There are 2 protein chains.
Amino acid sequence: MAKGSDQYSVLPVAKAMQVFAYVASQPHAVTLAEVALALSLPKTTVFRYLQTLSASGFFAHDIERDRYGVGERFRALAQKDAVHHSIRRSAEAELDRLVDGFRQTVNLGVLAEDEVVYVDIREATRSQRFQARIGHRHPVHSTSLGKAIAAFLPDETVERLILPEFEQRTFRTLTDPRTFRRQVMETRRRGFAMETGENEDGVTCIGVPILDGHGFPIAAMSLSAPENRMRVLADRVAEALQDAARRITQALPPVAPTISG
Amino acid sequence: MAKGSDQYSVLPVAKAMQVFAYVASQPHAVTLAEVALALSLPKTTVFRYLQTLSASGFFAHDIERDRYGVGERFRALAQKDAVHHSIRRSAEAELDRLVDGFRQTVNLGVLAEDEVVYVDIREATRSQRFQARIGHRHPVHSTSLGKAIAAFLPDETVERLILPEFEQRTFRTLTDPRTFRRQVMETRRRGFAMETGENEDGVTCIGVPILDGHGFPIAAMSLSAPENRMRVLADRVAEALQDAARRITQALPPVAPTISG
DNA sequence: CATGGCGTTTCGTGGGACGGAATAGTTTGC
DNA sequence: GCAAACTATTCCGTCCCACGAAACGCCATG
């Protein structure tokens, strides 16, 4: 039970987290007095933390019984994190294997707010000048990650992703919705997506979806290489990516419920 | 996004929870600058919160990449809460049904640190003088809840529950380990546990285990009544409890992984 | 070599977190 | 049925420490 006195720790926050941990770990909804006693904190202080945590939706205050429990906001966050975490965790080993095998940059991405978010990136070289960074967002239509995911989404969802104005990121970016639809069909058929300098000049990508147990594309994985390099590697890369994606699907925890759409 | 300025809110805590929510909702590990920008908070402040949350184990600080993500402590809590929550939630309707049907107090309990913890209680009458309260703990050997759970636990675990000195709560409490073992066998055979004034004078209980998909007793449910009342009801109560428990098992989310033993 | 972006550290200030004590409201127990 | 004991809530004065601007140092970038 570290006191959290690490130079920069904010005491109210550290103590509130103690309260948080206690409440979340109990099998039952708790009372103010119980928490104060268990943590040896003044009840006024605990009272304020409970109020604060309830006000922000992390706790639920059952007025009737005057008891505090974990709230839906917390559960929603936990659920979201669990999904993301299991994706990253299951993909780890395969990303390493790919970067070792091809000596090229490998990306893991998910769809969020209709954009591709880079979630993990393994660089082969130090010259990362043109690479994306973790957390960066790129359009769906200009990336192999985006195309790979879109291809395995229900048609309605794909239509929603089609913006009136697709951003022209390079002179090669395909901005015509009809072209996009055709590529989606093509990707769905052959199982992997391609992108040649449409997102970043001189860089080519091959991407594959990562499907959950229900066949839903919860993420995608891509390998990017300079155009001339990729010309040689393409076939082997496509093969390797698809194999890796299959193994990741296997490694995923059984039936991630994905409660909220 | 309520500011959480509800009279008693502690600002540092409220803001730290904003940080918490942001980090947990992102699919990727985040940087200090990203959080500060996203939440429009001064980076010094965010820095301190991230430090505090990392120090307390809720966040994991990846020093290598200087990124913050959700930590294992948080996941463990979330997991624990999810299990407890799903038990309570699945049992709710059945508890109500039982209390309505028999007009007697109904209890829901789980095992924690080798004791029975009351997790939900529905009182039929106002005279709650002798009843347990939510969060209270009673011994395994003197309650029908405890016996019901013990009966469906692996033998090794049952042995661990047997203390050198079983507490004598009433003059009827059975304190002999051999008697306890015999009752456990008996309970396992017939599917429900009985307890007559062994925990509280004049009160008799019948308890049944609530099993998860693997047949593991994750909780138990009991109905308590005055001895003379129970004499009449016993058969019907045992029947009803077992039916209810079966339905709760059905209502439980598919395969609660129960990651940690 | 210069520039910008980042995380870390410092520091002085003032607001607000703190907790004891008083209040109010409810249950317990005789 | 009244007193005692418990609870959650409110009040208030003190003093601490959370705050955030600014400075610093460290890579990367170009």
# chains A, B, ... in the order shown; residues from 1 in each chain; ligands from 1
call {"tool": "interface_residues", "arguments": {"of": "chain C", "to": "chain B", "cutoff": "12 Å", "atoms": "only C-alpha atoms (C1' of nucleotides)", "output": "ChimeraX atom specification"}}
result
/C:5-10,15-18,27-29
call {"tool": "residues_around", "arguments": {"residues": "DA21 (chain C)", "least_positions_apart": "5", "cutoff": "12 Å", "atoms": "only C-alpha atoms (C1' of nucleotides)", "output": "compact mmCIF listing (two decimals) with N, CA and C atoms (P, O5', C5', C4', C3', O3' and C1' of nucleotides), in the first residue's frame"}}
result
# COMPACT_ATOMS: atom_id res chain seq x y z
N THR A 44 -15.77 13.09 6.90
CA THR A 44 -16.05 14.26 6.06
C THR A 44 -15.33 14.14 4.72
P DT D 10 -26.34 18.71 3.03
O5' DT D 10 -25.76 19.73 4.10
C5' DT D 10 -26.57 20.13 5.18
C4' DT D 10 -25.76 20.97 6.16
C3' DT D 10 -24.97 22.11 5.52
O3' DT D 10 -25.45 23.33 6.07
C1' DT D 10 -23.67 20.91 7.12
P DC D 11 -24.92 24.76 5.56
O5' DC D 11 -23.91 25.19 6.71
C5' DC D 11 -24.22 24.87 8.05
C4' DC D 11 -23.05 25.21 8.96
C3' DC D 11 -22.19 26.40 8.48
O3' DC D 11 -22.04 27.32 9.55
C1' DC D 11 -20.83 24.52 8.97
P DC D 12 -21.50 28.80 9.23
O5' DC D 12 -19.98 28.67 9.70
C5' DC D 12 -19.68 28.05 10.93
C4' DC D 12 -18.17 27.91 11.07
C3' DC D 12 -17.38 29.05 10.41
O3' DC D 12 -16.37 29.49 11.29
C1' DC D 12 -16.61 26.96 9.63
P DG D 13 -15.86 31.05 11.15
O5' DG D 13 -14.41 30.97 11.79
C5' DG D 13 -14.14 30.01 12.83
C4' DG D 13 -12.78 29.38 12.57
C3' DG D 13 -11.70 30.36 12.08
O3' DG D 13 -10.49 30.05 12.77
C1' DG D 13 -11.94 28.60 10.53
call {"tool": "select_by_dssp", "arguments": {"residues": "region 126-215 of chain B", "states": "alpha helix (DSSP H)", "output": "list in words"}}
result
Ser144, Leu145, Gly146, Lys147, Ala148, Ile149, Ala150, Ala151, Asp155, Glu156, Thr157, Val158, Glu159, Arg160, Leu161, Pro177, Arg178, Thr179, Phe180, Arg181, Arg182, Gln183, Val184, Met185, Glu186, Thr187, Arg188, Arg189 and Arg190 of chain B
call {"tool": "closest_residue", "arguments": {"among": "B:Lys80, B:Ala16, B:Gln26, B:Arg231", "to": "Thr52 (chain B)", "atoms": "only C-alpha atoms"}}
result
B:Ala16
call {"tool": "atom_distance", "arguments": {"atom1": "CA of Tyr8 (chain A)", "atom2": "CA of Glu34 (chain B)"}}
result
19.4 Å
